[in-house]
Structures are given as structure tokens and as C-alpha cells.
Amino acid sequence: MYTIIDGKKVSSDIKLEIAEEVKKIREKGGKIPHLAAVLVGTDGGSETYVAHKVRACEEVGFKSTLVRFDANVAEVELLNKVEDLNNDPDIDGFIVQLPLPDHISEDKVTEAIDPSKDVDGFHPVNLGRMVIGLPSFVSATPFGIMELLKRYNIEISGKSCVVIGRSNIVGRPVSILMSKKGIDATVTVVHSRTKDIAKVTSQADIIIAAMGIPGFVKADMVKEGAVIIDVGTTRVKSDKTKSGWKLRGDVDFDEVAPKCSYITPVPGGVGPMTIVSLLQNTLMAGKMKNS
Ligand code: GUN
């Protein structure tokens, strides 16, 4: 029998814990954490993500500010806004929702964010600090994955972990976190140029699938009793939903689940954790700034 890792439940537990902390801050007359989100354009996915982030702030009692720009905003105007937010003492942390339109450099914008307010953990300073094991903001998805493994008491030390995908926001950072001192997995990263992915994944105690190909991981790629973390969230057409699409993970759940010990579903696994990670980072940013 396998256990479904319930990201919805864990994320709502963490939200309650954060709300409790906010209550204590309020009772002591402290500063309420304040997150700002910058949204450029009206991409459907980005609109939804940012709306969820703002709603989550309300749920835990944070202040939130949404800053909107037209898709044709000049890069310099966006950079000026970033500078304003860097200098605004009421803002504890902020994010600029990605992707940005082609005429704006995501790297330039990310690097303009004050690392102490970079609650997305995308700034090279935060990534660098994370790599050498210093306190840092860890980006939402890797942070959420580590939290799920921790809360389900999944043994990691000495286990083999295969990460599929090497993106800057998931695969690469989670591979570093899994191998760091104190976590101690033996990590292999596989990617589009890997010769025989199935040969590698079928040895793994833990698989973290984060390459964005729906249903890529099949039963024959998985060892009996493995732990499966599915980070995929591809929108695929569906005639069963009102929106006309549904989310599909990188793992063929129906095939793979019976073979494993733990598995995250899509939706309801890693996804809900990403938003609470952002809240956890914002709470930490506030504490650091106001202590
Ligand atoms: N786009 C997709 N995921 C994210 C995220 O975690 N943060 C930001 N800023 N943009 C994203």
C-alpha cells in the first residue's frame, strides 16, 4: 500500500501555524508581515498564481499589495518599481511574477531585487548562500518539497535521490538541498541529454520529477517502494472541467502509485506547498528586518 502525500493538508496546517504567529505579533504590537507581488501583463497562469498568493496572505493575516503593469511596460519603469519596493520600509518581501514579456530581462529584474526582500529566493545571492549552506531564502518549490519530506518523516539520509530536470527554480536547487549536510541524500541529476534515464531512475529510493513532460515517469522507471515527488503542473485539455483544462504531473500516477511507498498527487501535492513556502519566507523576512 502506498501513502499519498497530502500537500493540501500540510499546507493548511502550516497556514494555521503562520496565522498563529501573526496573531502573536499583533498582540505584542509588532509589525504585520507585508508581501508585495508585481504582475506584468495578463497571462492566465500568472494571474491565477498571483491571486492565490494574495489570498493566502489574507488567510494568515499578512498585509499584501498587488502592483500591476501593462504587458508593454518599459523595463526601466519596472526596475524603478523594484527600487521603490526595495526602499519601502513597510514591505518585508516582494516577488515579480515570471515569466516577463520578451522585451524585459528577467535576469536584470531578479538581480535588482534586494536579496533581503527576495522571498522567491531567485536572486543569485540567495542561491549562492543556499549552495554554501548559509541562511537564505529558498525558492518556493524546493522549500515546499523539503517541508513535505520532513513532515512525512521520510528518511533521506544515505538514500539515493534522482532529480529529473535541472531548472534554476526547481531541479538544480532541490538537488543541492537534498545533498546538503544534515539531509545527506546521494543525488543524481538527469536531464534531456541523459543517455538512459530509466536505468538511473529505476535505482532511486527517491525520485523528484521536475522536467515538465506530463506522464513521463512510468512504472518501469521506478523501483518498488520508492518515494515519488511530482513537480509537474502542465495544463492539458480536458472536457471534464469547466475551464477546459486540467493539471497533469510528470508522473503517470495510476501506473506508478501501486509500486511506491509515498507519492504526491497532481494537483494537491507539491503545488499547494509553494504558496506556503512564500508565506514562510515572508514571515522570516519580516522577523529578520524587524528584530
Ligand atoms: N512563475 C512561476 N513560478 C513562480 C514563482 O515561484 N515565483 C515567481 N515570481 N514567478 C513564478
# chains A, B, ... in the order shown; residues from 1 in each chain; ligands from 1
>>> residues_near_ligand(ligand="ligand 1", cutoff="10 Å", atoms="only C-alpha atoms and all ligand atoms", output="count of residues only")
32
>>> residues_around(residues="A:Ile206", least_positions_apart="3", cutoff="9 Å", atoms="only C-alpha atoms", output="PDB file with N, CA and C atoms, in the first residue's frame")
ATOM      1  N   ILE A 156      15.799  10.322   4.495  1.00  0.00           N
ATOM      2  CA  ILE A 156      16.546  10.802   3.328  1.00  0.00           C
ATOM      3  C   ILE A 156      18.024  10.445   3.439  1.00  0.00           C
ATOM      4  N   LYS A 159      20.080   7.854   1.404  1.00  0.00           N
ATOM      5  CA  LYS A 159      19.239   7.321   0.317  1.00  0.00           C
ATOM      6  C   LYS A 159      19.696   7.885  -1.031  1.00  0.00           C
ATOM      7  N   SER A 160      19.371   7.146  -2.079  1.00  0.00           N
ATOM      8  CA  SER A 160      19.685   7.679  -3.408  1.00  0.00           C
ATOM      9  C   SER A 160      18.495   8.466  -3.921  1.00  0.00           C
ATOM     10  N   CYS A 161      18.782   9.649  -4.429  1.00  0.00           N
ATOM     11  CA  CYS A 161      17.720  10.526  -4.933  1.00  0.00           C
ATOM     12  C   CYS A 161      18.046  10.909  -6.358  1.00  0.00           C
ATOM     13  N   VAL A 162      17.109  10.708  -7.259  1.00  0.00           N
ATOM     14  CA  VAL A 162      17.301  11.144  -8.639  1.00  0.00           C
ATOM     15  C   VAL A 162      16.352  12.306  -8.925  1.00  0.00           C
ATOM     16  N   VAL A 163      16.933  13.409  -9.343  1.00  0.00           N
ATOM     17  CA  VAL A 163      16.153  14.586  -9.717  1.00  0.00           C
ATOM     18  C   VAL A 163      16.086  14.615 -11.240  1.00  0.00           C
ATOM     19  N   THR A 201      16.768   6.192 -12.972  1.00  0.00           N
ATOM     20  CA  THR A 201      15.638   6.379 -12.043  1.00  0.00           C
ATOM     21  C   THR A 201      15.238   5.061 -11.374  1.00  0.00           C
ATOM     22  N   ALA A 226       9.741   3.015  -3.868  1.00  0.00           N
ATOM     23  CA  ALA A 226      10.343   4.351  -3.995  1.00  0.00           C
ATOM     24  C   ALA A 226       9.390   5.450  -3.502  1.00  0.00           C
ATOM     25  N   VAL A 227       9.989   6.596  -3.194  1.00  0.00           N
ATOM     26  CA  VAL A 227       9.223   7.800  -2.843  1.00  0.00           C
ATOM     27  C   VAL A 227       9.186   8.689  -4.079  1.00  0.00           C
ATOM     28  N   ILE A 228       7.989   9.117  -4.466  1.00  0.00           N
ATOM     29  CA  ILE A 228       7.862   9.878  -5.715  1.00  0.00           C
ATOM     30  C   ILE A 228       7.321  11.279  -5.433  1.00  0.00           C
ATOM     31  N   ILE A 229       8.106  12.262  -5.816  1.00  0.00           N
ATOM     32  CA  ILE A 229       7.681  13.658  -5.699  1.00  0.00           C
ATOM     33  C   ILE A 229       7.481  14.191  -7.121  1.00  0.00           C
TER      34      ILE A 229
END
>>> atom_distance(atom1="atom CA of A:Ile263", atom2="atom CA of A:Asp13")
19.1 Å
>>> residues_around(residues="stretch 213-223 of chain A", least_positions_apart="5", cutoff="9 Å", atoms="only C-alpha atoms", output="PyMOL selection string")
chain A and resi 197-205+207+228+232-236+248-260
>>> atom_distance(atom1="atom CA of A:Leu134", atom2="atom CA of A:Ser167")
21.3 Å
>>> residues_around(residues="A:Lys289", least_positions_apart="3", cutoff="9 Å", atoms="only C-alpha atoms", output="number ranges by chain")
A: 92, 116, 284-286
>>> write_last_selection(atoms="N, CA and C atoms", output="compact mmCIF listing (two decimals), in the first residue's frame")
# COMPACT_ATOMS: atom_id res chain seq x y z
N ASP A 92 8.10 43.88 3.57
CA ASP A 92 9.09 42.94 4.11
C ASP A 92 9.70 42.09 3.01
N SER A 116 17.61 40.73 0.64
CA SER A 116 16.94 40.56 1.94
C SER A 116 15.42 40.64 1.81
N MET A 284 9.77 35.10 7.65
CA MET A 284 11.18 35.14 8.03
C MET A 284 11.78 36.51 7.67
N ALA A 285 11.42 37.03 6.50
CA ALA A 285 11.94 38.34 6.06
C ALA A 285 11.53 39.41 7.07
N GLY A 286 10.27 39.35 7.52
CA GLY A 286 9.77 40.31 8.49
C GLY A 286 10.51 40.21 9.81
>>> closest_residue(among="A:Gly212, A:Pro265, A:Gly158, A:Gly7", to="A:Val187", atoms="only C-alpha atoms")
A:Gly158
>>> atom_distance(atom1="atom CA of A:His103", atom2="atom CA of A:Leu66")
21.9 Å
>>> select_by_dssp(residues="stretch 144-285 of chain A", states="strand (DSSP E or B)", output="PyMOL selection string")
chain A and resi 160-164+186-190+206-209+217+227-230+234-237+245-248+251+262-263
>>> residues_around(residues="A:Asp84", least_positions_apart="2", cutoff="12 Å", atoms="only C-alpha atoms", output="number ranges by chain")
A: 36, 38, 67, 77-82, 86-91, 94, 112-114
>>> write_last_selection(atoms="N, CA and C atoms", output="short mmCIF file (atom, residue, chain, number, x, y, z; two decimals), in the first residue's frame")
data_model
loop_
_atom_site.label_atom_id
_atom_site.label_comp_id
_atom_site.auth_asym_id
_atom_site.auth_seq_id
_atom_site.Cartn_x
_atom_site.Cartn_y
_atom_site.Cartn_z
N ALA A 36 4.54 42.10 -1.18
CA ALA A 36 4.05 42.72 -2.42
C ALA A 36 4.33 41.78 -3.60
N VAL A 38 4.37 41.77 -7.88
CA VAL A 38 4.32 42.59 -9.10
C VAL A 38 3.91 41.67 -10.25
N VAL A 67 0.87 44.94 -7.36
CA VAL A 67 1.26 46.03 -8.26
C VAL A 67 1.13 45.50 -9.68
N GLU A 77 10.88 51.20 -16.19
CA GLU A 77 9.77 51.51 -15.28
C GLU A 77 9.61 50.40 -14.24
N LEU A 78 9.74 49.16 -14.72
CA LEU A 78 9.66 48.02 -13.80
C LEU A 78 10.82 48.05 -12.81
N LEU A 79 12.02 48.36 -13.33
CA LEU A 79 13.20 48.43 -12.45
C LEU A 79 13.05 49.53 -11.41
N ASN A 80 12.41 50.64 -11.80
CA ASN A 80 12.16 51.72 -10.83
C ASN A 80 11.23 51.26 -9.73
N LYS A 81 10.22 50.47 -10.13
CA LYS A 81 9.28 49.95 -9.13
C LYS A 81 9.99 49.01 -8.15
N VAL A 82 10.87 48.19 -8.71
CA VAL A 82 11.64 47.27 -7.86
C VAL A 82 12.44 48.08 -6.84
N ASN A 86 12.28 47.98 -2.85
CA ASN A 86 13.49 47.74 -2.05
C ASN A 86 13.58 48.76 -0.91
N ASN A 87 13.19 50.00 -1.22
CA ASN A 87 13.37 51.09 -0.25
C ASN A 87 12.17 51.32 0.64
N ASP A 88 11.07 50.64 0.39
CA ASP A 88 9.84 50.87 1.16
C ASP A 88 9.93 50.10 2.49
N PRO A 89 10.02 50.82 3.61
CA PRO A 89 10.22 50.13 4.89
C PRO A 89 9.03 49.26 5.30
N ASP A 90 7.86 49.52 4.72
CA ASP A 90 6.71 48.70 5.12
C ASP A 90 6.68 47.34 4.43
N ILE A 91 7.38 47.24 3.29
CA ILE A 91 7.40 45.98 2.53
C ILE A 91 8.49 45.07 3.08
N PHE A 94 9.05 40.90 -1.47
CA PHE A 94 8.20 41.02 -2.67
C PHE A 94 8.69 40.08 -3.76
N ALA A 112 17.92 42.99 -9.55
CA ALA A 112 17.66 44.31 -8.97
C ALA A 112 16.97 44.22 -7.61
N ILE A 113 16.42 43.05 -7.31
CA ILE A 113 15.70 42.88 -6.04
C ILE A 113 16.69 42.79 -4.89
N ASP A 114 16.43 43.53 -3.82
CA ASP A 114 17.28 43.45 -2.62
C ASP A 114 17.21 42.02 -2.09
#
>>> residues_around(residues="A:Val276", least_positions_apart="6", cutoff="8 Å", atoms="only C-alpha atoms", output="short mmCIF file (atom, residue, chain, number, x, y, z; two decimals) with N, CA and C atoms, in the first residue's frame")
data_model
loop_
_atom_site.label_atom_id
_atom_site.label_comp_id
_atom_site.auth_asym_id
_atom_site.auth_seq_id
_atom_site.Cartn_x
_atom_site.Cartn_y
_atom_site.Cartn_z
N SER A 11 -0.18 22.01 3.78
CA SER A 11 -0.12 23.46 3.56
C SER A 11 -1.14 24.17 4.45
N ILE A 14 0.33 24.37 7.92
CA ILE A 14 1.37 25.41 8.03
C ILE A 14 0.74 26.80 8.04
N LYS A 15 -0.33 26.98 7.24
CA LYS A 15 -1.00 28.28 7.25
C LYS A 15 -1.54 28.60 8.63
N ALA A 56 -3.71 33.91 -0.04
CA ALA A 56 -3.03 33.21 1.06
C ALA A 56 -2.54 34.21 2.11
N ALA A 140 10.35 28.71 -3.62
CA ALA A 140 9.12 28.12 -3.09
C ALA A 140 8.99 26.61 -3.32
N GLY A 144 9.13 23.80 -0.46
CA GLY A 144 7.90 23.03 -0.23
C GLY A 144 8.15 21.53 -0.27
#
>>> select_by_dssp(residues="stretch 107-279 of chain A", states="alpha helix (DSSP H)", output="number ranges by chain")
A: 107-112, 124-131, 140-151, 171-179, 197-201, 253-256, 271-279
>>> residues_around(residues="stretch 149-154 of chain A", least_positions_apart="3", cutoff="9 Å", atoms="only C-alpha atoms", output="NGL selection string")
:A and (5 or 10 or 144-146 or 227 or 262)
